[in-house]
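A.B. asks: My structure is stored as final.cif, with mmCIF, C-alpha atoms.
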data_protein
#
loop_
_atom_site.group_PDB
_atom_site.id
_atom_site.type_symbol
_atom_site.label_atom_id
_atom_site.label_comp_id
_atom_site.auth_asym_id
_atom_site.auth_seq_id
_atom_site.Cartn_x
_atom_site.Cartn_y
_atom_site.Cartn_z
ATOM 1 C CA MET A 221 47.488 -11.646 -91.219
ATOM 2 C CA PRO A 222 44.430 -13.472 -89.918
ATOM 3 C CA ASP A 223 41.037 -13.225 -91.611
ATOM 4 C CA GLU A 224 39.530 -11.550 -88.563
ATOM 5 C CA MET A 225 41.514 -8.342 -89.109
ATOM 6 C CA ARG A 226 39.074 -5.491 -88.579
ATOM 7 C CA VAL A 227 39.029 -2.562 -90.994
ATOM 8 C CA SER A 228 38.129 0.935 -89.812
ATOM 9 C CA VAL A 229 36.955 3.300 -92.525
ATOM 10 C CA ILE A 230 37.981 6.879 -91.807
ATOM 11 C CA ILE A 231 36.221 9.705 -93.662
ATOM 12 C CA PRO A 232 37.656 13.203 -93.154
ATOM 13 C CA ILE A 233 34.917 15.697 -94.034
ATOM 14 C CA PHE A 234 34.848 19.421 -94.694
ATOM 15 C CA ASN A 235 31.645 20.802 -96.208
ATOM 16 C CA GLY A 236 31.009 17.421 -97.792
ATOM 17 C CA ALA A 237 27.221 17.233 -97.488
ATOM 18 C CA LYS A 238 26.633 17.064 -101.234
ATOM 19 C CA TYR A 239 28.363 13.687 -101.758
ATOM 20 C CA LEU A 240 28.779 12.302 -98.236
ATOM 21 C CA SER A 241 25.756 10.027 -98.434
ATOM 22 C CA GLU A 242 27.166 8.258 -101.505
ATOM 23 C CA ALA A 243 30.578 7.884 -99.876
ATOM 24 C CA ILE A 244 29.156 6.376 -96.695
ATOM 25 C CA SER A 245 26.848 4.077 -98.672
ATOM 26 C CA SER A 246 29.794 2.764 -100.688
ATOM 27 C CA ALA A 247 31.607 1.893 -97.447
ATOM 28 C CA LEU A 248 28.509 0.238 -95.983
ATOM 29 C CA HIS A 249 28.000 -1.957 -99.053
ATOM 30 C CA GLN A 250 31.417 -3.598 -99.153
ATOM 31 C CA THR A 251 31.615 -7.348 -99.762
ATOM 32 C CA ARG A 252 33.919 -7.387 -96.732
ATOM 33 C CA PRO A 253 32.182 -5.006 -94.340
ATOM 34 C CA PRO A 254 34.311 -2.703 -92.202
ATOM 35 C CA CYS A 255 34.087 -3.038 -88.430
ATOM 36 C CA GLU A 256 33.259 0.667 -88.258
ATOM 37 C CA ILE A 257 32.902 3.830 -90.289
ATOM 38 C CA GLY A 258 34.151 6.982 -88.623
ATOM 39 C CA GLY A 259 33.388 10.394 -90.032
ATOM 40 C CA VAL A 260 35.422 13.293 -88.696
ATOM 41 C CA ASP A 261 33.935 16.682 -89.505
ATOM 42 C CA ASP A 262 36.554 19.409 -89.844
ATOM 43 C CA GLY A 263 34.293 22.307 -88.877
ATOM 44 C CA SER A 264 31.837 22.091 -91.773
ATOM 45 C CA THR A 265 29.382 24.945 -92.262
ATOM 46 C CA ASP A 266 27.020 23.065 -94.602
ATOM 47 C CA GLU A 267 24.549 20.239 -93.923
ATOM 48 C CA THR A 268 27.289 17.663 -93.196
ATOM 49 C CA PRO A 269 26.099 16.967 -89.612
ATOM 50 C CA SER A 270 22.549 16.142 -90.711
ATOM 51 C CA VAL A 271 23.740 13.922 -93.570
ATOM 52 C CA ALA A 272 25.956 11.983 -91.167
ATOM 53 C CA ALA A 273 23.131 11.767 -88.610
ATOM 54 C CA SER A 274 20.820 10.247 -91.233
ATOM 55 C CA PHE A 275 22.942 7.051 -91.054
ATOM 56 C CA GLY A 276 22.276 6.633 -87.340
ATOM 57 C CA ASP A 277 24.507 4.110 -85.623
ATOM 58 C CA ALA A 278 26.014 2.942 -88.935
ATOM 59 C CA ILE A 279 28.575 5.747 -88.684
ATOM 60 C CA ARG A 280 30.446 7.171 -85.728
ATOM 61 C CA TYR A 281 30.569 10.929 -86.226
ATOM 62 C CA ASP A 282 32.927 13.332 -84.501
ATOM 63 C CA ARG A 283 33.298 17.059 -85.018
ATOM 64 C CA GLN A 284 36.318 19.307 -84.487
ATOM 65 C CA PRO A 285 37.239 22.929 -85.260
ATOM 66 C CA HIS A 286 38.600 23.478 -88.770
ATOM 67 C CA LEU A 287 42.209 22.218 -88.623
ATOM 68 C CA GLY A 288 42.769 20.850 -92.120
ATOM 69 C CA VAL A 289 42.623 17.425 -93.725
ATOM 70 C CA SER A 290 45.811 16.043 -92.141
ATOM 71 C CA ALA A 291 44.704 16.839 -88.587
ATOM 72 C CA THR A 292 41.237 15.515 -89.389
ATOM 73 C CA SER A 293 42.602 12.217 -90.743
ATOM 74 C CA ASN A 294 44.911 11.860 -87.751
ATOM 75 C CA HIS A 295 41.998 12.428 -85.387
ATOM 76 C CA GLY A 296 40.109 9.677 -87.221
ATOM 77 C CA VAL A 297 43.021 7.303 -86.652
ATOM 78 C CA GLU A 298 43.048 8.173 -82.945
ATOM 79 C CA LEU A 299 39.352 7.273 -82.691
ATOM 80 C CA ALA A 300 39.527 4.117 -84.814
ATOM 81 C CA ARG A 301 39.236 0.693 -83.201
ATOM 82 C CA GLY A 302 40.171 -1.493 -86.163
ATOM 83 C CA ASP A 303 43.436 -3.226 -86.972
ATOM 84 C CA LEU A 304 43.611 -1.677 -90.457
ATOM 85 C CA PHE A 305 42.677 1.814 -91.640
ATOM 86 C CA ALA A 306 40.998 2.624 -94.950
ATOM 87 C CA PHE A 307 40.667 6.302 -95.836
ATOM 88 C CA LEU A 308 37.710 7.484 -97.909
ATOM 89 C CA ASP A 309 37.307 11.063 -99.083
ATOM 90 C CA SER A 310 33.805 12.403 -98.530
ATOM 91 C CA ASP A 311 33.331 13.017 -102.262
ATOM 92 C CA ASP A 312 34.541 9.588 -103.422
ATOM 93 C CA VAL A 313 32.861 6.217 -103.783
ATOM 94 C CA TRP A 314 34.333 2.737 -103.526
ATOM 95 C CA VAL A 315 33.611 -0.249 -105.733
ATOM 96 C CA PRO A 316 31.899 -2.966 -103.655
ATOM 97 C CA ASP A 317 34.890 -5.319 -103.411
ATOM 98 C CA LYS A 318 37.581 -2.743 -102.660
ATOM 99 C CA LEU A 319 38.167 -3.743 -99.036
ATOM 100 C CA GLN A 320 37.999 -7.468 -99.823
ATOM 101 C CA LYS A 321 40.651 -7.180 -102.513
ATOM 102 C CA GLN A 322 42.974 -5.013 -100.455
ATOM 103 C CA VAL A 323 42.713 -7.118 -97.301
ATOM 104 C CA SER A 324 43.341 -10.249 -99.402
ATOM 105 C CA VAL A 325 46.594 -8.723 -100.649
ATOM 106 C CA LEU A 326 47.670 -7.944 -97.092
ATOM 107 C CA GLN A 327 46.798 -11.453 -95.903
ATOM 108 C CA ALA A 328 48.686 -13.114 -98.771
ATOM 109 C CA ASN A 329 51.748 -10.871 -98.391
ATOM 110 C CA PRO A 330 52.738 -10.363 -94.737
ATOM 111 C CA ASP A 331 55.630 -8.093 -95.755
ATOM 112 C CA VAL A 332 53.240 -5.576 -97.352
ATOM 113 C CA ASP A 333 52.385 -2.631 -95.109
ATOM 114 C CA MET A 334 49.862 -0.773 -97.267
ATOM 115 C CA VAL A 335 47.817 -1.265 -100.400
ATOM 116 C CA PHE A 336 46.651 1.316 -102.910
ATOM 117 C CA GLY A 337 44.193 0.818 -105.741
ATOM 118 C CA TYR A 338 43.468 2.312 -109.096
ATOM 119 C CA ILE A 339 41.120 5.239 -109.308
ATOM 120 C CA ARG A 340 38.577 6.192 -111.907
ATOM 121 C CA TYR A 341 37.822 9.879 -112.287
ATOM 122 C CA PHE A 342 34.234 10.885 -112.755
ATOM 123 C CA ALA A 343 32.424 14.179 -112.645
ATOM 124 C CA SER A 344 28.930 14.956 -111.510
ATOM 125 C CA PRO A 345 26.654 16.236 -114.278
ATOM 126 C CA GLU A 346 26.369 19.669 -112.625
ATOM 127 C CA LEU A 347 30.132 20.169 -112.955
#
Before we go any further, please render this structure as structure tokens.
C.D. replies:
Amino acid sequence: MPDEMRVSVIIPIFNGAKYLSEAISSALHQTRPPCEIGGVDDGSTDETPSVAASFGDAIRYDRQPHLGVSATSNHGVELARGDLFAFLDSDDVWVPDKLQKQVSVLQANPDVDMVFGYIRYFASPEL
């Protein structure tokens, strides 16, 4: 797998305004930047559209009627232009070298089709 493989970050969103900014920021600050970040809004009724808009051209934002997370993720894949897809929930954050580490595994192991990482649970103080 060549180094120029482009990674599309796909963020399915439903009423994710509260944490969306942190999620997008964590994708933007990767040591191996993605070629694009695509947010697909699954019919949110909160401030999700304005949060996404605050990132300007840094995120491609699309909206659809509420169809559920699977349909929303699939729509994100249809819109993506990268060679690899990385899915980020709208209430999660990535460590800065997540994409670099995962792409390195794929490059070093051509027989590997997907890479998962460890997760660390955390809770917001208000919870």
A.B. asks: Which residue, A:Ala300, A:Val229, A:Ala247, A:Ala272, has the smallest gap to Trp314 (chain A) when you use only C-alpha atoms?
C.D. replies: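 Closest to Trp314 (chain A) of all the choices is A:Ala247.
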A.B. asks: Could you spell out the hits of the PyMOL selection byres ((chain A and resi 305) around 6) on the shown file, as a PyMOL selection string?
C.D. replies: chain A and resi 227-229+304+306
A.B. asks: On this structure, which residues satisfy the PyMOL selection byres ((chain A and resi 239) around 9), written as a PDB file with C-alpha atoms, keeping the file's coordinate frame?
C.D. replies:
ATOM      1  CA  GLY A 236      31.009  17.421 -97.792  1.00  0.00           C
ATOM      2  CA  ALA A 237      27.221  17.233 -97.488  1.00  0.00           C
ATOM      3  CA  LYS A 238      26.633  17.064-101.234  1.00  0.00           C
ATOM      4  CA  LEU A 240      28.779  12.302 -98.236  1.00  0.00           C
ATOM      5  CA  SER A 241      25.756  10.027 -98.434  1.00  0.00           C
ATOM      6  CA  GLU A 242      27.166   8.258-101.505  1.00  0.00           C
ATOM      7  CA  ALA A 243      30.578   7.884 -99.876  1.00  0.00           C
ATOM      8  CA  ILE A 244      29.156   6.376 -96.695  1.00  0.00           C
ATOM      9  CA  SER A 310      33.805  12.403 -98.530  1.00  0.00           C
ATOM     10  CA  ASP A 311      33.331  13.017-102.262  1.00  0.00           C
ATOM     11  CA  ASP A 312      34.541   9.588-103.422  1.00  0.00           C
ATOM     12  CA  VAL A 313      32.861   6.217-103.783  1.00  0.00           C
TER      13      VAL A 313
END
A.B. asks: For Glu224 (chain A), find every residue with an atom within 12 Å (counting all atoms listed in the file), except residues of its own chain fewer than 2 positions away, and show them as number ranges by chain.
C.D. replies: A: 221-222, 226-227, 252-255, 302-304, 323-324, 327
A.B. asks: Take every atom of region 328-338 of chain A listed in the file, pad by 5 Å on each side, and give me the axis-aligned box centre and edge lengths in Å, one decimal, as lines of an AutoDock Vina configuration file.
C.D. replies:
center_x = 49.5
center_y = -5.4
center_z = -101.9
size_x = 22.2
size_y = 25.4
size_z = 24.4
A.B. asks: How far is it from CA of Val332 (chain A) to CA of Arg301 (chain A), in Å with one decimal?
C.D. replies: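 CA of Val332 (chain A) sits 20.9 Å away from CA of Arg301 (chain A).
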A.B. asks: Just how far from CA of Tyr281 (chain A) is CA of Phe234 (chain A), in Å to one decimal?
C.D. replies: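 Separation of CA of Phe234 (chain A) and CA of Tyr281 (chain A): 12.7 Å.
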A.B. asks: Got a sec to resolve the PyMOL selection byres ((chain A and resi 294) around 12) on this structure and send the residues as a ChimeraX atom specification?
C.D. replies: /A:230-232,258-260,262,284,287-293,295-300,305,307
A.B. asks: If you measure from CA of Pro316 (chain A) to CA of Tyr338 (chain A), what distance in Å do you get, rounded to one decimal?
C.D. replies: 13.8 Å
A.B. asks: My list of candidates is A:Met225, A:Val335, A:Ala343, A:Ile233. Which is closest to Arg283 (chain A) when distances are computed with all atoms listed in the file?
C.D. replies: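 Nearest to Arg283 (chain A): A:Ile233.
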A.B. asks: Between A:Asn235, A:Ser245, A:Ser344, A:Gln322, single out the one closest to Gly263 (chain A), counting all atoms listed in the file.
C.D. replies: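 Selected residue with least distance to Gly263 (chain A): A:Asn235.
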